[in-house]
Amino acid sequence: MMKYLPSVQNTGVCSNCRKHLIKRMESDKENTQGENEVDTYPVGSADVLHKGWALNSDDIYLNYEGPRQEWTHYLPLAEFGCGFPLFCMRSLEFIQHEIPPYILGKDFDMATIKVLVLACLVSPSLAKINADILAGELNRVMEDIGYKKLQDHFNRLEYTTFPIDYSTVTQKVADSITAKFREMEEALHLLRTNIEQDFLSFSSKRTTRECCENVEYKYVNRFRAKVDFDSMCVSTSGISSREKKYPTNNGILNTMKSNHKKNPSLLWQYVGFENGILINYPATKLSHCSSYDPRFRPFYKEGVSPMPKEVVIAVDASKSMTGDRFQKAKDAVHRVLESLGSTDRIGIVMFNEKAYRPEKDVQPCYGRNLAVVTQKTKAVLRSFVNSQTTKGNTNYSLAFEAAFNYFMSSGNTITASDKVILFVSDGDNLDGDNALTVIRDRNEQLGNSVVIHTFAIGSLSDSAESLLRNISKQTKNNDDHGATQTGRYQRVTNLNHLPEAVGSFYSYSNNAISPKPIFTKPYVDFFSNIGLIVSMCLPCTSNSNFIGVVCTDIKLKDLVEDTTYLQQGEDTYSFVIDGTGRTLIHPLLPDPRDSNANEYDVDDIDNFETGGNVKEVIESMKLGLAGSKEINTTVAQVRGKLLLEGDNRTRMRAIYQWQQIKETNFSLCIVFPKYAVNRILRDLPPSHTAFLYHRWDIASWPGEKCKQFARYATTESSVVKLTPEAFLNPTAYLDTAETKSSVKIMTDFISGDRSTNPGIKIAALNSILATEKVDSIWKNNQRKTHFILWRFLATEAGVVRIYPGVRLQQSYDHKLREWYRRTIANCNINVISAPYNDHWGAGKVISISRTIHIKRKGDHSHGEKVEAVIAGDISVFYFHQLILKMYNVCNERKYVCMVIDNSGFLVMHPSFVESKGLYFEDRLFHITNLEGIIAKSLIKENIMFKQPCLSVESQKEQMTYRVVLTFFNVNGLDRMDREGYEIRPIRNTNLFFILKIKKNIKDDQCCSAKNSEKSPNVVRCTSAPCDCLCYRPVNYNECENKYNATEKHIPCSAAPPVLMTNPIKEDNLIRNLPACFDIDCSCKDNQL
């Protein structure tokens, strides 16, 4: 018996009707034997195609559920004597969404399926619109852009195919990361040695420049800041009570300069001293030197005492603390919060006659358990502390009861010496010495593992001071239950020094100073806009006494560069974790290249690797072992704008290959599709056509220049831009400004002079040569097709061609752009975007694009590899005119014509072209915003549904929409009689045509105008079936920093990174230039 698989993707038009055949695929026992779970393979994936069946876009696929595996059947569409083009379903994908299982539970035999296939293929005789007409026109536009000719050209190219050696590739990448860590550590040891040798000669007289001095430095792209490589600078904390000492010679500076010269990938080199002084190289200007204190940064705490800490801060909030005392006590709490890292836990008690813990307006766990230190928990605890006021008298016993309850409730999670209570009071206690009894009784239950540091404020009586001193010593404790951990008593007479005294608690630890460097979690650089960085730090000593922490930084993107630009087949990805399972990089985490990236709290690998038997892999990686395992997994692929369009999920059979990164506690895993191979374009002869680089400012453009809207352009040929991926060293390319000399070397190399390779990958070189063909296609077509405003060709090897030619940003990377990602996610069809405002001055435009594939004769075992994406922009007004010319019904006042994409966004709507139409900017309009009645009906018919994914950054379940025709309405749906509309698929595209009866009543909107303008991550979903793009809260335990284990969530893809850009100023250049082309079409609008 066959179980019907309910959703289909409309992706093709059959060229001919053929005999209807039903053929069963025999199960591949070799592939399924020994599997512990049911495998659902997307049709067209390697896991189905490797079985040897020549499947093509004229097939309908159905799934058969066997007892241990799923057999795949397909139904090649045939000629039933229908005499009309049949709609071909290229794939049936199992979409997991919340719909009534009215089909899922229904079983069919083969005869029934034949009837259903026939029924679903009959065109509705009463349809008022034939969407195939628009589909044919879009095919023609795609041909005008050059798709067919270029695909034919690529079909004739020769490629070399070779298998991927999983182990060798993984080892090579791991060794590359090891080498970068080793270079950092070598620089660190040299700097520490120099500091320790020179420290005794330090003087109270400062001769080094202050970092806050008003000095004009030179902007350096790699640092994204103004710096001076010939000097270092110092910053002195304004709250430090310790003696200030500064370097007296250039020894430290010379070492820093030497380190930088040897290893240009190093970022900042710096030393934080225990007296609050920071030495930083290269010199740069800071804005708040006196408020910056290195001792309260996580790197310093981890360098001094790297072991995790469980800390409870108890602060006296009685009336005697009123005024400056209480404010400084609050500042001390904030200092402690600043110094703690993600491996630490924290709890806070404010006490007077009662003890108070965070409970109101927060998750209950804050009042019961120690909270993992994250950005979220810090914010919650800061808010709690700031809200407290002073009143009443003081009861130490209740304060310690509450403090010890934190440890008791949280369990014995880390080593005994790391449990700390920081107790701050002015000594006015009305409870006698009962607190010592409470401490004894409660600490005995914890094996006397808790150490107590006490801080006395103001003038205390002898008895009050004696009590606080005895509390730090825990004088009533019985060592039979474990050795008592003696704390430190400190009387703070100057209130300004209280934050420093309390905030430096970790320096009181008896933990041995680690001889090995520590690595910080990725964090946002304090000194620049460079994005996420990683620090490696070592403690410094003088005469065996701790004096400070020395560190060096590296950009996270530079450290893992080899994983970011890994070219080992489609869907290959990698991740790096440490010995605790903390994730350094993963595709579901913020991209390391993102200059606007925020520090992320959720970093446990269990949140990202959730499928199959991956736990065995993770445990092995934590132990520093190497291995290989075959696992079923799911990969994510962004569909365009992540928050609006979500991502695709592809189930694949994968090889997990992992390897320790030597000399560190990190391990690398690369996930390869099981049947992935490398296919490399064979070397092509040098070009006979002039290579035109996009940099008009440093490369000579031949011929006349022109103005294409707001851009300085050329029509002589397309221009070429290489992305970082095209280079052997992407970081060096991004960090080095291009010059006339470097561009000439590149041009000569591409044109045939192979004597000097400027660092271009051979794959990129061949891609440039292979795409030359598009120049003649574009130039010959442009004069006949002026309605195409811009043309693009972007390849997997990192090559971009644009016509008319314009200059791009050096950081431009098409793989991070929405149009490219949307096209890859909708592979092998014409992909049309929703309208947007062209930033190059063309007004409201729509992009149309399609993938170019490598064709392999006689090889159907692995699908088609995407080689490039070809695209063009057309005016939204031109698209509107196309629809009016092709469909007379759209000119009738009775009807409204509109087009939506497969995410539910409006691609065409009458309001888009009205003189006072909708304001676009970067906003897309969803059908739930403007057409509520239709949206509700589509949801009711299960044609449009919500697709959830879990946002790692916001801890919210984000909802996006999918529009998918079901098996029973593959030709569309007619609801003219009920809701006054019909919807038809525009075949071979990602679009649907909707004809609506115009009504004078106001449309029943699903999403209010107010909410439609907001980002979906701030609009909470309602209980209504039709809703805005929105989010649902998830059961996330902030204190444990993890999700409820009983809930299953699919993580969202990471948002594409925001890259640093510099404005390209061309206003003066284009002022008197002629237009490149006369955009001559009847749809021309004054908004262009």
# chains A, B, ... in the order shown; residues from 1 in each chain; ligands from 1
>>> residues_around(residues="Asp418 in chain A", least_positions_apart="6", cutoff="8 Å", atoms="only C-alpha atoms", output="PDB file with all heavy atoms, in the first residue's frame")
ATOM      1  N   MET A 307      39.642  28.502  36.080  1.00  0.00           N
ATOM      2  CA  MET A 307      38.608  27.553  36.467  1.00  0.00           C
ATOM      3  C   MET A 307      37.255  28.255  36.597  1.00  0.00           C
ATOM      4  O   MET A 307      37.172  29.407  37.001  1.00  0.00           O
ATOM      5  CB  MET A 307      38.970  26.902  37.801  1.00  0.00           C
ATOM      6  CG  MET A 307      40.195  26.006  37.737  1.00  0.00           C
ATOM      7  SD  MET A 307      39.933  24.581  36.647  1.00  0.00           S
ATOM      8  CE  MET A 307      38.718  23.677  37.582  1.00  0.00           C
ATOM      9  N   PRO A 308      36.158  27.573  36.248  1.00  0.00           N
ATOM     10  CA  PRO A 308      34.824  28.170  36.383  1.00  0.00           C
ATOM     11  C   PRO A 308      34.533  28.539  37.835  1.00  0.00           C
ATOM     12  O   PRO A 308      35.072  27.947  38.765  1.00  0.00           O
ATOM     13  CB  PRO A 308      33.895  27.060  35.894  1.00  0.00           C
ATOM     14  CG  PRO A 308      34.742  26.176  35.053  1.00  0.00           C
ATOM     15  CD  PRO A 308      36.106  26.220  35.665  1.00  0.00           C
ATOM     16  N   LYS A 309      33.663  29.504  37.996  1.00  0.00           N
ATOM     17  CA  LYS A 309      33.318  30.009  39.329  1.00  0.00           C
ATOM     18  C   LYS A 309      31.813  29.948  39.529  1.00  0.00           C
ATOM     19  O   LYS A 309      31.023  30.192  38.613  1.00  0.00           O
ATOM     20  CB  LYS A 309      33.767  31.462  39.475  1.00  0.00           C
ATOM     21  CG  LYS A 309      35.250  31.694  39.256  1.00  0.00           C
ATOM     22  CD  LYS A 309      35.994  31.677  40.565  1.00  0.00           C
ATOM     23  CE  LYS A 309      37.463  31.986  40.369  1.00  0.00           C
ATOM     24  NZ  LYS A 309      38.196  30.892  39.697  1.00  0.00           N
ATOM     25  N   GLU A 310      31.414  29.622  40.779  1.00  0.00           N
ATOM     26  CA  GLU A 310      30.033  29.789  41.217  1.00  0.00           C
ATOM     27  C   GLU A 310      30.062  30.861  42.289  1.00  0.00           C
ATOM     28  O   GLU A 310      30.660  30.668  43.352  1.00  0.00           O
ATOM     29  CB  GLU A 310      29.461  28.481  41.762  1.00  0.00           C
ATOM     30  CG  GLU A 310      29.216  27.438  40.681  1.00  0.00           C
ATOM     31  CD  GLU A 310      28.469  26.225  41.216  1.00  0.00           C
ATOM     32  OE1 GLU A 310      28.470  26.037  42.446  1.00  0.00           O
ATOM     33  OE2 GLU A 310      27.892  25.479  40.418  1.00  0.00           O
ATOM     34  N   VAL A 311      29.415  31.992  42.006  1.00  0.00           N
ATOM     35  CA  VAL A 311      29.541  33.170  42.856  1.00  0.00           C
ATOM     36  C   VAL A 311      28.164  33.641  43.311  1.00  0.00           C
ATOM     37  O   VAL A 311      27.240  33.760  42.507  1.00  0.00           O
ATOM     38  CB  VAL A 311      30.247  34.314  42.100  1.00  0.00           C
ATOM     39  CG1 VAL A 311      30.401  35.533  43.005  1.00  0.00           C
ATOM     40  CG2 VAL A 311      31.601  33.859  41.573  1.00  0.00           C
ATOM     41  N   SER A 449      32.922  23.450  51.054  1.00  0.00           N
ATOM     42  CA  SER A 449      33.542  23.844  49.777  1.00  0.00           C
ATOM     43  C   SER A 449      33.396  25.329  49.466  1.00  0.00           C
ATOM     44  O   SER A 449      34.017  25.827  48.528  1.00  0.00           O
ATOM     45  CB  SER A 449      32.920  23.039  48.638  1.00  0.00           C
ATOM     46  OG  SER A 449      31.520  23.283  48.549  1.00  0.00           O
ATOM     47  N   VAL A 450      32.558  26.055  50.236  1.00  0.00           N
ATOM     48  CA  VAL A 450      32.291  27.454  49.927  1.00  0.00           C
ATOM     49  C   VAL A 450      33.261  28.362  50.682  1.00  0.00           C
ATOM     50  O   VAL A 450      33.418  28.242  51.900  1.00  0.00           O
ATOM     51  CB  VAL A 450      30.841  27.832  50.285  1.00  0.00           C
ATOM     52  CG1 VAL A 450      30.578  29.305  49.981  1.00  0.00           C
ATOM     53  CG2 VAL A 450      29.856  26.941  49.536  1.00  0.00           C
ATOM     54  N   VAL A 451      33.908  29.263  49.958  1.00  0.00           N
ATOM     55  CA  VAL A 451      34.782  30.267  50.565  1.00  0.00           C
ATOM     56  C   VAL A 451      34.014  31.582  50.633  1.00  0.00           C
ATOM     57  O   VAL A 451      33.224  31.893  49.732  1.00  0.00           O
ATOM     58  CB  VAL A 451      36.087  30.430  49.752  1.00  0.00           C
ATOM     59  CG1 VAL A 451      35.806  30.894  48.337  1.00  0.00           C
ATOM     60  CG2 VAL A 451      37.035  31.403  50.438  1.00  0.00           C
TER      61      VAL A 451
END
>>> select_by_dssp(residues="range 775-824 of chain A", states="strand (DSSP E)", output="PyMOL selection string")
chain A and resi 788-795+799-803
>>> residues_around(residues="Leu930 in chain A", least_positions_apart="4", cutoff="10 Å", atoms="only C-alpha atoms", output="PyMOL selection string")
chain A and resi 906+909+911+925-926+934-935+1003-1009+1012
>>> write_last_selection(atoms="all heavy atoms", output="JSON list (two decimals), in the first residue's frame")
[["chain", "number", "residue", "atom", "x", "y", "z"],
["A", 906, "LEU", "N", 4.10, 39.41, -2.01],
["A", 906, "LEU", "CA", 3.51, 39.96, -3.23],
["A", 906, "LEU", "C", 4.61, 40.42, -4.17],
["A", 906, "LEU", "O", 5.46, 41.25, -3.81],
["A", 906, "LEU", "CB", 2.58, 41.12, -2.89],
["A", 906, "LEU", "CG", 1.26, 40.69, -2.20],
["A", 906, "LEU", "CD1", 0.68, 41.83, -1.39],
["A", 906, "LEU", "CD2", 0.27, 40.19, -3.24],
["A", 909, "HIS", "N", 1.23, 43.81, -7.30],
["A", 909, "HIS", "CA", -0.03, 44.21, -6.69],
["A", 909, "HIS", "C", -0.34, 45.60, -7.23],
["A", 909, "HIS", "O", 0.59, 46.40, -7.45],
["A", 909, "HIS", "CB", 0.08, 44.24, -5.16],
["A", 909, "HIS", "CG", -1.24, 44.36, -4.45],
["A", 909, "HIS", "ND1", -1.83, 45.59, -4.21],
["A", 909, "HIS", "CD2", -2.09, 43.43, -3.96],
["A", 909, "HIS", "CE1", -2.98, 45.39, -3.57],
["A", 909, "HIS", "NE2", -3.17, 44.09, -3.41],
["A", 911, "SER", "N", -1.26, 48.25, -5.98],
["A", 911, "SER", "CA", -0.74, 49.35, -5.16],
["A", 911, "SER", "C", 0.73, 49.63, -5.40],
["A", 911, "SER", "O", 1.24, 50.69, -5.06],
["A", 911, "SER", "CB", -0.97, 49.05, -3.68],
["A", 911, "SER", "OG", -0.32, 47.85, -3.31],
["A", 925, "PHE", "N", 6.22, 43.17, 1.00],
["A", 925, "PHE", "CA", 4.82, 43.15, 1.43],
["A", 925, "PHE", "C", 4.27, 41.73, 1.27],
["A", 925, "PHE", "O", 4.32, 41.14, 0.20],
["A", 925, "PHE", "CB", 3.99, 44.14, 0.61],
["A", 925, "PHE", "CG", 4.35, 45.57, 0.89],
["A", 925, "PHE", "CD1", 5.35, 46.21, 0.16],
["A", 925, "PHE", "CD2", 3.71, 46.27, 1.90],
["A", 925, "PHE", "CE1", 5.70, 47.52, 0.42],
["A", 925, "PHE", "CE2", 4.06, 47.59, 2.17],
["A", 925, "PHE", "CZ", 5.06, 48.22, 1.43],
["A", 926, "HIS", "N", 3.74, 41.23, 2.37],
["A", 926, "HIS", "CA", 3.23, 39.87, 2.40],
["A", 926, "HIS", "C", 1.73, 39.88, 2.11],
["A", 926, "HIS", "O", 1.03, 40.87, 2.35],
["A", 926, "HIS", "CB", 3.49, 39.23, 3.77],
["A", 926, "HIS", "CG", 3.46, 37.74, 3.75],
["A", 926, "HIS", "ND1", 2.34, 37.03, 4.07],
["A", 926, "HIS", "CD2", 4.41, 36.83, 3.44],
["A", 926, "HIS", "CE1", 2.60, 35.74, 3.97],
["A", 926, "HIS", "NE2", 3.84, 35.58, 3.58],
["A", 934, "ILE", "N", -7.94, 36.42, 1.14],
["A", 934, "ILE", "CA", -7.28, 35.37, 0.36],
["A", 934, "ILE", "C", -6.30, 34.61, 1.22],
["A", 934, "ILE", "O", -6.21, 33.37, 1.14],
["A", 934, "ILE", "CB", -6.58, 35.99, -0.87],
["A", 934, "ILE", "CG1", -7.62, 36.62, -1.80],
["A", 934, "ILE", "CG2", -5.76, 34.93, -1.61],
["A", 934, "ILE", "CD1", -7.02, 37.34, -2.99],
["A", 935, "ALA", "N", -5.54, 35.32, 2.05],
["A", 935, "ALA", "CA", -4.56, 34.66, 2.91],
["A", 935, "ALA", "C", -5.24, 33.64, 3.82],
["A", 935, "ALA", "O", -4.75, 32.51, 3.97],
["A", 935, "ALA", "CB", -3.80, 35.70, 3.73],
["A", 1003, "ASP", "N", -10.83, 45.07, 2.99],
["A", 1003, "ASP", "CA", -10.32, 43.71, 3.15],
["A", 1003, "ASP", "C", -10.08, 43.38, 4.62],
["A", 1003, "ASP", "O", -9.62, 44.23, 5.39],
["A", 1003, "ASP", "CB", -9.01, 43.54, 2.37],
["A", 1003, "ASP", "CG", -8.64, 42.08, 2.20],
["A", 1003, "ASP", "OD1", -8.12, 41.50, 3.16],
["A", 1003, "ASP", "OD2", -8.90, 41.53, 1.12],
["A", 1004, "ASP", "N", -10.39, 42.17, 4.98],
["A", 1004, "ASP", "CA", -10.20, 41.70, 6.35],
["A", 1004, "ASP", "C", -8.74, 41.29, 6.53],
["A", 1004, "ASP", "O", -8.36, 40.15, 6.24],
["A", 1004, "ASP", "CB", -11.13, 40.52, 6.62],
["A", 1004, "ASP", "CG", -11.02, 40.03, 8.06],
["A", 1004, "ASP", "OD1", -10.48, 40.79, 8.90],
["A", 1004, "ASP", "OD2", -11.46, 38.90, 8.33],
["A", 1005, "GLN", "N", -7.92, 42.22, 6.99],
["A", 1005, "GLN", "CA", -6.48, 41.97, 7.07],
["A", 1005, "GLN", "C", -6.14, 40.96, 8.17],
["A", 1005, "GLN", "O", -6.72, 40.98, 9.25],
["A", 1005, "GLN", "CB", -5.72, 43.27, 7.34],
["A", 1005, "GLN", "CG", -5.73, 44.23, 6.17],
["A", 1005, "GLN", "CD", -4.88, 45.46, 6.47],
["A", 1005, "GLN", "OE1", -4.67, 45.82, 7.62],
["A", 1005, "GLN", "NE2", -4.38, 46.09, 5.42],
["A", 1006, "CYS", "N", -5.20, 40.08, 7.86],
["A", 1006, "CYS", "CA", -4.66, 39.18, 8.90],
["A", 1006, "CYS", "C", -3.68, 39.92, 9.78],
["A", 1006, "CYS", "O", -3.54, 39.64, 10.97],
["A", 1006, "CYS", "CB", -3.92, 38.00, 8.26],
["A", 1006, "CYS", "SG", -4.95, 36.93, 7.27],
["A", 1007, "CYS", "N", -2.96, 40.83, 9.15],
["A", 1007, "CYS", "CA", -1.87, 41.51, 9.84],
["A", 1007, "CYS", "C", -2.10, 43.01, 9.77],
["A", 1007, "CYS", "O", -2.25, 43.57, 8.67],
["A", 1007, "CYS", "CB", -0.54, 41.13, 9.18],
["A", 1007, "CYS", "SG", 0.92, 41.82, 9.97],
["A", 1008, "SER", "N", -2.14, 43.67, 10.90],
["A", 1008, "SER", "CA", -2.41, 45.10, 10.93],
["A", 1008, "SER", "C", -1.27, 45.87, 10.27],
["A", 1008, "SER", "O", -0.13, 45.40, 10.20],
["A", 1008, "SER", "CB", -2.56, 45.58, 12.38],
["A", 1008, "SER", "OG", -1.32, 45.49, 13.06],
["A", 1009, "ALA", "N", -1.60, 47.06, 9.78],
["A", 1009, "ALA", "CA", -0.58, 47.90, 9.14],
["A", 1009, "ALA", "C", 0.55, 48.21, 10.11],
["A", 1009, "ALA", "O", 1.73, 48.25, 9.72],
["A", 1009, "ALA", "CB", -1.23, 49.18, 8.63],
["A", 1012, "SER", "N", 2.68, 45.06, 10.39],
["A", 1012, "SER", "CA", 3.31, 44.68, 9.13],
["A", 1012, "SER", "C", 4.59, 45.46, 8.88],
["A", 1012, "SER", "O", 5.45, 45.03, 8.12],
["A", 1012, "SER", "CB", 2.34, 44.90, 7.97],
["A", 1012, "SER", "OG", 2.11, 46.28, 7.75]]
>>> residues_around(residues="range 300-304 of chain A", least_positions_apart="2", cutoff="8 Å", atoms="only C-alpha atoms", output="PyMOL selection string")
chain A and resi 272+294-298+306-307+339-341+506-507+513-514+517-518+520+537-539+548-549
>>> residues_around(residues="range 636-639 of chain A", least_positions_apart="3", cutoff="12 Å", atoms="only C-alpha atoms", output="ChimeraX atom specification")
/A:570-573,586-588,608-609,633,642-652,815-827,831,833,901-903,949,960-962,990,1050-1056
>>> select_by_dssp(residues="range 803-854 of chain A", states="helix (DSSP H, G or I)", output="number ranges by chain")
A: 814-816, 818-825
>>> write_last_selection(atoms="all heavy atoms", output="short mmCIF file (atom, residue, chain, number, x, y, z; two decimals), in the first residue's frame")
data_model
loop_
_atom_site.label_atom_id
_atom_site.label_comp_id
_atom_site.auth_asym_id
_atom_site.auth_seq_id
_atom_site.Cartn_x
_atom_site.Cartn_y
_atom_site.Cartn_z
N HIS A 814 28.70 37.73 -3.64
CA HIS A 814 27.36 37.41 -4.09
C HIS A 814 26.73 36.27 -3.30
O HIS A 814 25.50 36.20 -3.17
CB HIS A 814 27.37 37.05 -5.58
CG HIS A 814 28.33 35.96 -5.94
ND1 HIS A 814 29.63 36.21 -6.29
CD2 HIS A 814 28.19 34.61 -6.01
CE1 HIS A 814 30.25 35.08 -6.57
NE2 HIS A 814 29.40 34.08 -6.39
N LYS A 815 27.54 35.38 -2.74
CA LYS A 815 26.98 34.24 -2.00
C LYS A 815 26.29 34.67 -0.71
O LYS A 815 25.56 33.88 -0.10
CB LYS A 815 28.07 33.22 -1.70
CG LYS A 815 28.56 32.49 -2.95
CD LYS A 815 29.51 31.37 -2.60
CE LYS A 815 29.95 30.62 -3.85
NZ LYS A 815 30.86 29.50 -3.55
N LEU A 816 26.51 35.90 -0.31
CA LEU A 816 25.86 36.42 0.89
C LEU A 816 24.64 37.27 0.54
O LEU A 816 23.97 37.76 1.44
CB LEU A 816 26.85 37.25 1.71
CG LEU A 816 28.16 36.53 2.09
CD1 LEU A 816 29.06 37.46 2.87
CD2 LEU A 816 27.87 35.27 2.89
N GLU A 818 20.87 38.18 -1.03
CA GLU A 818 19.57 37.52 -0.99
C GLU A 818 19.20 36.93 -2.35
O GLU A 818 18.66 35.82 -2.43
CB GLU A 818 18.50 38.51 -0.53
CG GLU A 818 18.67 38.93 0.93
CD GLU A 818 18.10 40.30 1.21
OE1 GLU A 818 17.41 40.85 0.33
OE2 GLU A 818 18.34 40.83 2.32
N TRP A 819 19.47 37.65 -3.44
CA TRP A 819 19.06 37.16 -4.76
C TRP A 819 19.78 35.87 -5.10
O TRP A 819 19.19 34.96 -5.70
CB TRP A 819 19.31 38.23 -5.83
CG TRP A 819 20.75 38.61 -6.04
CD1 TRP A 819 21.43 39.60 -5.39
CD2 TRP A 819 21.68 38.02 -6.96
NE1 TRP A 819 22.73 39.67 -5.84
CE2 TRP A 819 22.91 38.71 -6.82
CE3 TRP A 819 21.59 36.99 -7.89
CZ2 TRP A 819 24.04 38.40 -7.56
CZ3 TRP A 819 22.73 36.67 -8.63
CH2 TRP A 819 23.93 37.37 -8.47
N TYR A 820 21.04 35.76 -4.70
CA TYR A 820 21.81 34.55 -5.01
C TYR A 820 21.31 33.39 -4.16
O TYR A 820 21.08 32.28 -4.66
CB TYR A 820 23.29 34.81 -4.76
CG TYR A 820 24.19 33.70 -5.26
CD1 TYR A 820 24.67 33.71 -6.57
CD2 TYR A 820 24.58 32.65 -4.44
CE1 TYR A 820 25.49 32.70 -7.04
CE2 TYR A 820 25.39 31.64 -4.90
CZ TYR A 820 25.85 31.68 -6.20
OH TYR A 820 26.66 30.67 -6.66
N ARG A 821 21.13 33.61 -2.88
CA ARG A 821 20.68 32.55 -1.99
C ARG A 821 19.27 32.08 -2.34
O ARG A 821 18.97 30.88 -2.27
CB ARG A 821 20.75 33.03 -0.54
CG ARG A 821 22.16 33.26 -0.04
CD ARG A 821 22.18 33.52 1.45
NE ARG A 821 23.56 33.55 1.95
CZ ARG A 821 23.91 33.28 3.20
NH1 ARG A 821 22.98 32.96 4.08
NH2 ARG A 821 25.17 33.33 3.58
N ARG A 822 18.44 33.02 -2.72
CA ARG A 822 17.06 32.65 -3.09
C ARG A 822 17.07 31.77 -4.34
O ARG A 822 16.30 30.81 -4.45
CB ARG A 822 16.24 33.91 -3.33
CG ARG A 822 14.76 33.66 -3.60
CD ARG A 822 14.01 34.96 -3.85
NE ARG A 822 14.02 35.82 -2.69
CZ ARG A 822 14.65 36.99 -2.63
NH1 ARG A 822 15.33 37.43 -3.67
NH2 ARG A 822 14.60 37.72 -1.54
N THR A 823 17.96 32.08 -5.27
CA THR A 823 18.03 31.30 -6.51
C THR A 823 18.57 29.90 -6.25
O THR A 823 18.05 28.91 -6.77
CB THR A 823 18.93 32.01 -7.54
OG1 THR A 823 18.52 33.38 -7.65
CG2 THR A 823 18.82 31.35 -8.90
N ILE A 824 19.60 29.79 -5.44
CA ILE A 824 20.15 28.48 -5.09
C ILE A 824 19.11 27.63 -4.37
O ILE A 824 19.00 26.43 -4.60
CB ILE A 824 21.41 28.65 -4.21
CG1 ILE A 824 22.53 29.35 -4.99
CG2 ILE A 824 21.89 27.30 -3.70
CD1 ILE A 824 23.08 28.56 -6.15
N ALA A 825 18.32 28.27 -3.51
CA ALA A 825 17.30 27.53 -2.75
C ALA A 825 16.14 27.08 -3.64
O ALA A 825 15.43 26.14 -3.30
CB ALA A 825 16.78 28.39 -1.60
#
>>> residues_around(residues="range 490-505 of chain A", least_positions_apart="2", cutoff="6 Å", atoms="only C-alpha atoms", output="PyMOL selection string")
chain A and resi 331-332+335-336+455-458+507-508
>>> write_last_selection(atoms="N, CA, C and O atoms", output="CSV table (one decimal), in the first residue's frame")
chain,number,residue,atom,x,y,z
A,331,ASP,N,27.6,49.3,42.3
A,331,ASP,CA,28.7,49.4,41.3
A,331,ASP,C,29.6,48.2,41.5
A,331,ASP,O,30.1,47.6,40.5
A,332,ALA,N,29.8,47.7,42.7
A,332,ALA,CA,30.7,46.6,42.9
A,332,ALA,C,30.1,45.3,42.3
A,332,ALA,O,30.8,44.5,41.7
A,335,ARG,N,30.7,45.4,38.7
A,335,ARG,CA,32.0,45.0,38.3
A,335,ARG,C,32.2,43.5,38.3
A,335,ARG,O,32.9,42.9,37.5
A,336,VAL,N,31.6,42.8,39.3
A,336,VAL,CA,31.7,41.4,39.3
A,336,VAL,C,31.0,40.8,38.1
A,336,VAL,O,31.6,39.9,37.4
A,455,PHE,N,33.5,42.2,53.0
A,455,PHE,CA,34.0,43.6,52.7
A,455,PHE,C,33.2,44.5,53.6
A,455,PHE,O,32.0,44.6,53.6
A,456,ALA,N,33.9,45.2,54.5
A,456,ALA,CA,33.3,46.1,55.5
A,456,ALA,C,33.4,47.5,55.0
A,456,ALA,O,34.5,48.0,54.5
A,457,ILE,N,32.3,48.3,55.1
A,457,ILE,CA,32.2,49.6,54.7
A,457,ILE,C,32.1,50.6,55.9
A,457,ILE,O,31.3,50.3,56.8
A,458,GLY,N,32.8,51.7,55.8
A,458,GLY,CA,32.6,52.7,56.8
A,458,GLY,C,33.3,52.4,58.2
A,458,GLY,O,34.1,51.5,58.3
A,507,SER,N,41.2,37.2,42.2
A,507,SER,CA,42.6,37.2,42.4
A,507,SER,C,43.0,36.7,43.8
A,507,SER,O,44.1,36.4,44.1
A,508,TYR,N,41.9,36.5,44.6
A,508,TYR,CA,42.2,35.9,46.0
A,508,TYR,C,42.2,34.4,45.9
A,508,TYR,O,42.5,33.7,46.9
>>> residues_around(residues="Val963 in chain A", least_positions_apart="5", cutoff="12 Å", atoms="only C-alpha atoms", output="count of residues only")
35
>>> closest_residue(among="A:Lys1010, A:Lys1042, A:Lys674, A:His1049", to="Pro948 in chain A", atoms="only C-alpha atoms")
A:His1049
>>> atom_distance(atom1="CA of Tyr693 in chain A", atom2="CA of Pro835 in chain A")
29.5 Å
>>> closest_residue(among="A:Ile829, A:Cys212, A:Leu566, A:Leu157", to="Leu684 in chain A", atoms="only C-alpha atoms")
A:Leu157
